[in-house]
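Presented below is the structure to which this report refers.
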Protein chains: 2
Amino acid sequence: MDPDFSRLDEFLDERGLDGYAFHDDDSNSDLLYTTGFGAPDPFFAVYTPEATGILASSLEYGRAKRESRADAVKRLSDYDFQAKRAEHGPEAAQQLVRAEFLADLGCESVAVGSSFPVGTADGLRDEGVAVTVDADNVVMDIRATKTDEEIEHVRTAQRANEAAMARAEELIRGAEPVDGVLHHDGEPLTSEFVQQEIEIELLRHGCALDDTIVAGGAQAADPHDRGSGPLAADEMVIVDIFPRDKASKYHADMTRTFLNGEASETQREWYDVTEKALHAALDVVEAGVTGEEVNQAVVDVYDDHGFPTIFTDPETETGFIHSTGHGVGLDVHEMPSISHGGDELRAGHVITIEPGLYDPDVGGVRIEDIIVVTEDGYENLTDYEISLV
Amino acid sequence: MDPDFSRLDEFLDERGLDGYAFHDDDSNSDLLYTTGFGAPDPFFAVYTPEATGILASSLEYGRAKRESRADAVKRLSDYDFQAKRAEHGPEAAQQLVRAEFLADLGCESVAVGSSFPVGTADGLRDEGVAVTVDADNVVMDIRATKTDEEIEHVRTAQRANEAAMARAEELIRGAEPVDGVLHHDGEPLTSEFVQQEIEIELLRHGCALDDTIVAGGAQAADPHDRGSGPLAADEMVIVDIFPRDKASKYHADMTRTFLNGEASETQREWYDVTEKALHAALDVVEAGVTGEEVNQAVVDVYDDHGFPTIFTDPETETGFIHSTGHGVGLDVHEMPSISHGGDELRAGHVITIEPGLYDPDVGGVRIEDIIVVTEDGYENLTDYEISLV
């Protein structure tokens, strides 16, 4: 099923632009979404309301013709590249070919995303093509609303995620504390070992992975620390898994926090307040509510319990020091933003809700579910118990 | 050990520019190399001969201070971001902060790589910062010459690669042909299963992976087809593995072609000519020789044996349809280019040599070694037998 590009057509019409251009590799999900094609090396492409065109390398030409939804697949040799290269050098020759390719597709003016390469933009401008930066990221915004098929892709990735989380929980809960250090099969249980077992489980479920966070103790107080070394008893261990299904290329995202041993009063309070913040945010979610309002629900719970947040004190390095959530799809972090300034939620948005508290003296706790926004609330795509000890 | 940035200092001095700016996530190896820091979400940074600065999100601020080699780590709140945001909106506020951050580091003019985001470039220009595109990619060129430490990182990744290749070879060679289809444990042996076993082996050796190619028969005739479905007897299977060591973030890269069954005369000829092309290229490699000359050595072998190449016939879709090789380091594809127009090789360049032949009617063969260029030849980092059957 092709995505619905009518909003992109409207966008181009409103701005009086002929097309929307891309120049990137398959890490650019807007390009992947619009052309139905990705390649490990950057290629140039343009969408117009009449036709989508790809300028492929010789290496990718055949696959682009077979796999993409482009109406026109061209390659450098279609534009006398070797002659142009001999005369102007490789960079200038590429720019000339891109300009000719755009002219072929009737494009004298294009919108580009804000991350479009400035080298290509300046080159096109030199050739007389008007290049306008689309600061609103219209393609990203179109991508944010998922079709039922895309939601199924996220659900499939989330099932793999749950299997991997179960493996991590089994390792952590089943470990034997020896002198305060968790042991597995007589060896200290390390973050790296748990990460590896998670990743093997994900591979077996058809998922690739970016990174996995298994961070205990003070490491868990830094939300982006992946974690390393032996895990300790009586400490909170954050496990954050965000796999990508290899076939569909859609992500899932979930976090749980586990503790093997005795939870202190502080740990218990942090966990309970964070679970309360999760439910407070979920209670607010429905189409029409803003990401800012959902974020505020979390901030209010933490604030009521005396915890600092970056939204009440921008300088704080402890407490709730990130946003409540983000969209998930072809990118693991995409629109909408569930944060200060976050826009209105629409039915079909797939988002995370992930409150957390951090302080090197206590450790870290984070609980994250992935949900799909509906007209009158949400459907929780997460099927995994919330329990510290 | 910090990289040697004296050539970057010279570059800035020659162009009369104050600094070199970046705005990207950790997929940008120039940024990673220059600042010693990467993050999953884009951040802004600048190198100057006097100091390197990072403008981090609150989430990454602590880690950037600890892990990067930046002299100045700032965050949005150091520049009254909330007030600017309330007055100008989030995008404009970010641009104002970036301009102030650059002014703090004494930068009125910056070079940027050609893939620098045009939105950020246009925004800086609006704030009076001169932004010049460095089409020569000076940082990528500096990165191409590896230190001994970097070569050790590649070597470590290559040892993991060889373990994974051995697992793939064991599966393919050990499979039982049943009605022309390879079987393992009574089930058809699929590309996906071999890929999964390769990736598990890589994970166990501390490597992440991008993708792995296990492509047989006509699939192998498309150099970028990852391969899928059951593998057949008497067909050539290309196995191309390019892992990234998780700790060092350096890659390795190797390809072998295996056949379980009876090789036809054509398959045998293709394999032998390709092995001959590999050795012809290796014989040419030493510091001072150009990438173009190494590529030509491969083209000459194929041409002598009557095979088409894109260098002798740009329109061909069969024969030798890609370049001879590329640099390998933080990126799996980086400088130098071992192709038409490829520049002079320097001692310390880590490159692949990967001739191959492709035709849907025959299949595909590719043999790839990874080597380090030395003053008087090369050191082969690959320790893996070359054998079809």
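Going through the structure tokens in order, the chains are called A, B, and so on, while each chain numbers its residues from 1 and the ligands are numbered from 1 in the order shown.
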Report as an MDAnalysis selection string the set of chain B residues whose atoms approach chain A to within 7 Å, with distances computed over only C-alpha atoms. chainID B and resid 59 77 114:119 121 133 196 200 203 223 314:315 321:322
Find the spatial neighbours of Asn260 in chain B, counting only C-alpha atoms, within a cut-off of 8 Å - ignore same-chain residues fewer than 4 positions away - and output them as an MDAnalysis selection string. chainID B and resid 172:173 175 233:236 389
For Gly36 in chain A, the closest of A:Pro3, A:Gly291, A:Gly363, A:Gly19 counting only C-alpha atoms is A:Pro3
Which polymer residues have any atom within 8 Å of an atom of Thr52 in chain A, counting only C-alpha atoms, with same-chain residues fewer than 2 positions away left out, as a ChimeraX atom specification? /A:35,45-50,54,69-72
Take the residues from that selection and put them in a file with C-alpha atoms, as a PDB file, in the first residue's frame.
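This is the output file out20.pdb:
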```pdb
ATOM      1  CA  THR A  35      10.504   6.563  -2.833  1.00  0.00           C
ATOM      2  CA  ALA A  45      15.737  11.580  -5.749  1.00  0.00           C
ATOM      3  CA  VAL A  46      12.804  13.884  -6.275  1.00  0.00           C
ATOM      4  CA  TYR A  47       9.069  13.646  -5.652  1.00  0.00           C
ATOM      5  CA  THR A  48       6.643  15.607  -7.784  1.00  0.00           C
ATOM      6  CA  PRO A  49       2.857  15.309  -7.800  1.00  0.00           C
ATOM      7  CA  GLU A  50       3.196  13.787 -11.305  1.00  0.00           C
ATOM      8  CA  ILE A  54      15.529   8.306  -8.597  1.00  0.00           C
ATOM      9  CA  ARG A  69       7.950   2.956  -6.489  1.00  0.00           C
ATOM     10  CA  ALA A  70       9.705   5.556  -8.646  1.00  0.00           C
ATOM     11  CA  ASP A  71       8.221   6.275 -12.056  1.00  0.00           C
ATOM     12  CA  ALA A  72      11.599   7.288 -13.468  1.00  0.00           C
TER      13      ALA A  72
END
```
Using DSSP on the backbone, list every residue of range 77-126 of chain B that comes out as helix (DSSP H, G or I), and give them as a count of residues only. 35
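The nearest approach to Met140 in chain A among the residues A:Tyr20, A:Trp270, A:Tyr33, A:Phe307, with only C-alpha atoms taken into account, belongs to A:Tyr33.
Look at Leu17 in chain A: the protein and nucleic acid residues within 6 Å of it, using only C-alpha atoms and passing over chain neighbours fewer than 5 places away, are Leu12, Ser109 and Val110 of chain A.
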I need the chosen residues saved as a compact mmCIF listing (two decimals), in the first residue's frame, with all heavy atoms.
```txt
# COMPACT_ATOMS: atom_id res chain seq x y z
N LEU A 12 3.42 21.46 -1.64
CA LEU A 12 4.15 21.98 -2.80
C LEU A 12 3.32 23.04 -3.52
O LEU A 12 3.83 24.08 -3.94
CB LEU A 12 4.51 20.84 -3.76
CG LEU A 12 5.53 19.82 -3.23
CD1 LEU A 12 5.65 18.63 -4.18
CD2 LEU A 12 6.89 20.46 -3.00
N SER A 109 12.13 24.33 -9.20
CA SER A 109 12.20 24.72 -7.78
C SER A 109 11.86 23.50 -6.94
O SER A 109 10.96 22.75 -7.26
CB SER A 109 11.21 25.85 -7.50
OG SER A 109 9.89 25.41 -7.78
N VAL A 110 12.63 23.33 -5.86
CA VAL A 110 12.38 22.18 -4.98
C VAL A 110 12.41 22.59 -3.52
O VAL A 110 13.14 23.50 -3.12
CB VAL A 110 13.42 21.05 -5.18
CG1 VAL A 110 13.25 20.38 -6.54
CG2 VAL A 110 14.84 21.56 -4.99
```
Close residues, range 253-257 of chain A itself excluded, 8 Å, only C-alpha atoms, min 2 positions apart in chain, as a compact mmCIF listing (two decimals) with all heavy atoms, in the first residue's frame:
```
# COMPACT_ATOMS: atom_id res chain seq x y z
N GLN A 158 7.55 -5.06 18.38
CA GLN A 158 7.35 -5.02 19.84
C GLN A 158 7.26 -6.43 20.43
O GLN A 158 7.74 -6.67 21.53
CB GLN A 158 6.11 -4.17 20.17
CG GLN A 158 5.75 -4.09 21.65
CD GLN A 158 6.87 -3.55 22.53
OE1 GLN A 158 7.81 -2.92 22.07
NE2 GLN A 158 6.79 -3.86 23.82
N ASN A 161 10.66 -7.43 20.86
CA ASN A 161 11.20 -6.65 21.98
C ASN A 161 10.84 -7.32 23.31
O ASN A 161 11.66 -7.42 24.22
CB ASN A 161 10.61 -5.24 21.91
CG ASN A 161 11.47 -4.21 22.63
OD1 ASN A 161 12.43 -4.57 23.30
ND2 ASN A 161 11.12 -2.95 22.51
N MET A 236 19.09 -0.57 40.97
CA MET A 236 18.15 -0.56 39.86
C MET A 236 18.91 -0.69 38.55
O MET A 236 19.92 -0.01 38.34
CB MET A 236 17.33 0.73 39.89
CG MET A 236 16.48 0.84 41.16
SD MET A 236 15.30 2.22 41.14
CE MET A 236 16.41 3.62 41.31
N VAL A 237 18.43 -1.58 37.67
CA VAL A 237 19.03 -1.78 36.36
C VAL A 237 18.01 -1.37 35.30
O VAL A 237 16.92 -1.96 35.22
CB VAL A 237 19.45 -3.25 36.14
CG1 VAL A 237 20.09 -3.42 34.75
CG2 VAL A 237 20.39 -3.72 37.24
N ILE A 238 18.35 -0.36 34.52
CA ILE A 238 17.47 0.08 33.43
C ILE A 238 17.77 -0.75 32.19
O ILE A 238 18.93 -0.84 31.77
CB ILE A 238 17.68 1.57 33.12
CG1 ILE A 238 17.13 2.42 34.28
CG2 ILE A 238 17.02 1.95 31.80
CD1 ILE A 238 17.28 3.92 34.06
N VAL A 239 16.74 -1.36 31.61
CA VAL A 239 16.87 -2.10 30.35
C VAL A 239 15.99 -1.42 29.31
O VAL A 239 14.76 -1.40 29.45
CB VAL A 239 16.48 -3.58 30.53
CG1 VAL A 239 16.65 -4.33 29.21
CG2 VAL A 239 17.31 -4.24 31.63
N ASP A 240 16.62 -0.83 28.31
CA ASP A 240 15.90 -0.07 27.27
C ASP A 240 16.26 -0.70 25.93
O ASP A 240 17.42 -0.70 25.52
CB ASP A 240 16.35 1.40 27.33
CG ASP A 240 15.53 2.30 26.42
OD1 ASP A 240 14.75 1.79 25.59
OD2 ASP A 240 15.69 3.54 26.52
N ILE A 241 15.25 -1.26 25.26
CA ILE A 241 15.47 -2.00 24.02
C ILE A 241 14.66 -1.36 22.90
O ILE A 241 13.46 -1.11 23.07
CB ILE A 241 15.07 -3.49 24.18
CG1 ILE A 241 15.63 -4.08 25.49
CG2 ILE A 241 15.55 -4.32 22.99
CD1 ILE A 241 15.25 -5.54 25.74
N PHE A 242 15.32 -1.11 21.77
CA PHE A 242 14.62 -0.42 20.66
C PHE A 242 15.02 -1.05 19.33
O PHE A 242 15.78 -0.48 18.56
CB PHE A 242 14.88 1.09 20.68
CG PHE A 242 16.26 1.50 21.17
CD1 PHE A 242 17.25 1.81 20.27
CD2 PHE A 242 16.55 1.56 22.52
CE1 PHE A 242 18.50 2.20 20.70
CE2 PHE A 242 17.82 1.94 22.97
CZ PHE A 242 18.80 2.27 22.04
N PRO A 243 14.46 -2.24 19.07
CA PRO A 243 14.85 -2.99 17.87
C PRO A 243 14.17 -2.47 16.60
O PRO A 243 13.14 -1.79 16.67
CB PRO A 243 14.33 -4.39 18.17
CG PRO A 243 13.12 -4.15 19.03
CD PRO A 243 13.43 -2.94 19.86
N HIS A 251 10.42 0.22 13.91
CA HIS A 251 10.97 0.01 15.25
C HIS A 251 9.89 -0.27 16.29
O HIS A 251 8.72 0.00 16.08
CB HIS A 251 11.71 1.28 15.71
CG HIS A 251 12.98 1.55 14.99
ND1 HIS A 251 13.01 2.17 13.78
CD2 HIS A 251 14.27 1.30 15.32
CE1 HIS A 251 14.27 2.30 13.37
NE2 HIS A 251 15.06 1.77 14.28
N LEU A 259 15.33 -4.85 39.71
CA LEU A 259 16.24 -4.85 40.86
C LEU A 259 16.27 -6.26 41.44
O LEU A 259 15.22 -6.86 41.71
CB LEU A 259 15.75 -3.83 41.90
CG LEU A 259 16.63 -3.61 43.14
CD1 LEU A 259 16.54 -2.17 43.62
CD2 LEU A 259 16.25 -4.57 44.25
N VAL A 328 7.58 6.87 17.09
CA VAL A 328 8.39 5.71 16.70
C VAL A 328 7.86 5.20 15.36
O VAL A 328 6.64 5.10 15.18
CB VAL A 328 8.30 4.59 17.75
CG1 VAL A 328 9.07 3.34 17.30
CG2 VAL A 328 8.80 5.06 19.11
N VAL A 332 13.63 5.47 15.18
CA VAL A 332 13.29 5.15 16.57
C VAL A 332 12.90 6.42 17.32
O VAL A 332 12.14 6.36 18.28
CB VAL A 332 14.42 4.35 17.26
CG1 VAL A 332 15.67 5.19 17.45
CG2 VAL A 332 13.95 3.79 18.59
N THR A 352 5.98 6.89 22.38
CA THR A 352 6.39 6.30 23.66
C THR A 352 5.99 7.25 24.79
O THR A 352 5.89 8.45 24.60
CB THR A 352 7.92 6.12 23.74
OG1 THR A 352 8.55 7.41 23.79
CG2 THR A 352 8.45 5.33 22.57
N GLU A 354 7.67 7.66 28.51
CA GLU A 354 8.82 7.11 29.23
C GLU A 354 9.36 8.05 30.31
O GLU A 354 10.46 8.57 30.20
CB GLU A 354 9.94 6.74 28.25
CG GLU A 354 10.27 7.80 27.21
CD GLU A 354 11.43 7.36 26.30
OE1 GLU A 354 12.44 6.88 26.82
OE2 GLU A 354 11.30 7.50 25.08
N VAL A 365 15.80 5.21 37.21
CA VAL A 365 14.63 4.40 36.93
C VAL A 365 13.94 4.98 35.70
O VAL A 365 13.88 6.19 35.53
CB VAL A 365 13.66 4.36 38.15
CG1 VAL A 365 13.21 5.76 38.54
CG2 VAL A 365 12.43 3.49 37.85
N ARG A 366 13.49 4.11 34.81
CA ARG A 366 12.70 4.56 33.66
C ARG A 366 11.73 3.46 33.31
O ARG A 366 12.10 2.27 33.35
CB ARG A 366 13.60 4.91 32.47
CG ARG A 366 12.82 5.43 31.26
CD ARG A 366 13.70 6.14 30.21
NE ARG A 366 14.65 5.27 29.54
CZ ARG A 366 15.95 5.25 29.77
NH1 ARG A 366 16.50 6.05 30.68
NH2 ARG A 366 16.74 4.44 29.10
N ILE A 367 10.49 3.83 33.01
CA ILE A 367 9.48 2.87 32.58
C ILE A 367 8.88 3.42 31.29
O ILE A 367 8.44 4.56 31.25
CB ILE A 367 8.36 2.69 33.63
CG1 ILE A 367 8.97 2.37 35.01
CG2 ILE A 367 7.40 1.58 33.21
CD1 ILE A 367 7.94 2.38 36.14
N GLU A 368 8.90 2.61 30.24
CA GLU A 368 8.49 3.11 28.92
C GLU A 368 7.57 2.12 28.23
O GLU A 368 7.93 0.96 28.03
CB GLU A 368 9.74 3.30 28.05
CG GLU A 368 9.43 3.68 26.61
CD GLU A 368 10.68 3.77 25.74
OE1 GLU A 368 11.64 3.01 26.02
OE2 GLU A 368 10.70 4.58 24.81
N ASP A 369 6.39 2.61 27.86
CA ASP A 369 5.48 1.85 27.01
C ASP A 369 5.41 2.50 25.64
O ASP A 369 5.70 3.69 25.49
CB ASP A 369 4.08 1.82 27.62
CG ASP A 369 3.92 0.74 28.69
OD1 ASP A 369 4.93 0.08 29.02
OD2 ASP A 369 2.80 0.59 29.21
N ILE A 370 5.02 1.71 24.64
CA ILE A 370 4.79 2.24 23.30
C ILE A 370 3.31 2.06 22.98
O ILE A 370 2.75 0.98 23.21
CB ILE A 370 5.72 1.57 22.25
CG1 ILE A 370 5.52 2.21 20.87
CG2 ILE A 370 5.52 0.06 22.18
CD1 ILE A 370 6.62 1.80 19.87
N THR A 382 2.19 -2.38 24.19
CA THR A 382 3.14 -3.02 25.10
C THR A 382 2.44 -4.08 25.93
O THR A 382 1.41 -3.78 26.56
CB THR A 382 3.74 -1.97 26.07
OG1 THR A 382 3.97 -0.78 25.35
CG2 THR A 382 5.01 -2.49 26.74
N ILE A 386 4.88 -4.43 34.71
CA ILE A 386 5.68 -3.36 35.33
C ILE A 386 5.91 -3.74 36.78
O ILE A 386 4.99 -3.74 37.59
CB ILE A 386 4.93 -2.00 35.23
CG1 ILE A 386 4.79 -1.59 33.76
CG2 ILE A 386 5.65 -0.92 36.03
CD1 ILE A 386 3.94 -0.36 33.54
N SER A 387 7.16 -4.09 37.10
CA SER A 387 7.45 -4.56 38.45
C SER A 387 8.94 -4.44 38.73
O SER A 387 9.77 -4.90 37.94
CB SER A 387 7.00 -6.02 38.57
OG SER A 387 7.56 -6.61 39.71
N LEU A 388 9.30 -3.79 39.84
CA LEU A 388 10.70 -3.54 40.15
C LEU A 388 11.40 -4.79 40.67
O LEU A 388 12.45 -5.19 40.16
CB LEU A 388 10.80 -2.41 41.19
CG LEU A 388 12.22 -2.06 41.68
CD1 LEU A 388 13.09 -1.57 40.54
CD2 LEU A 388 12.17 -1.01 42.79
```
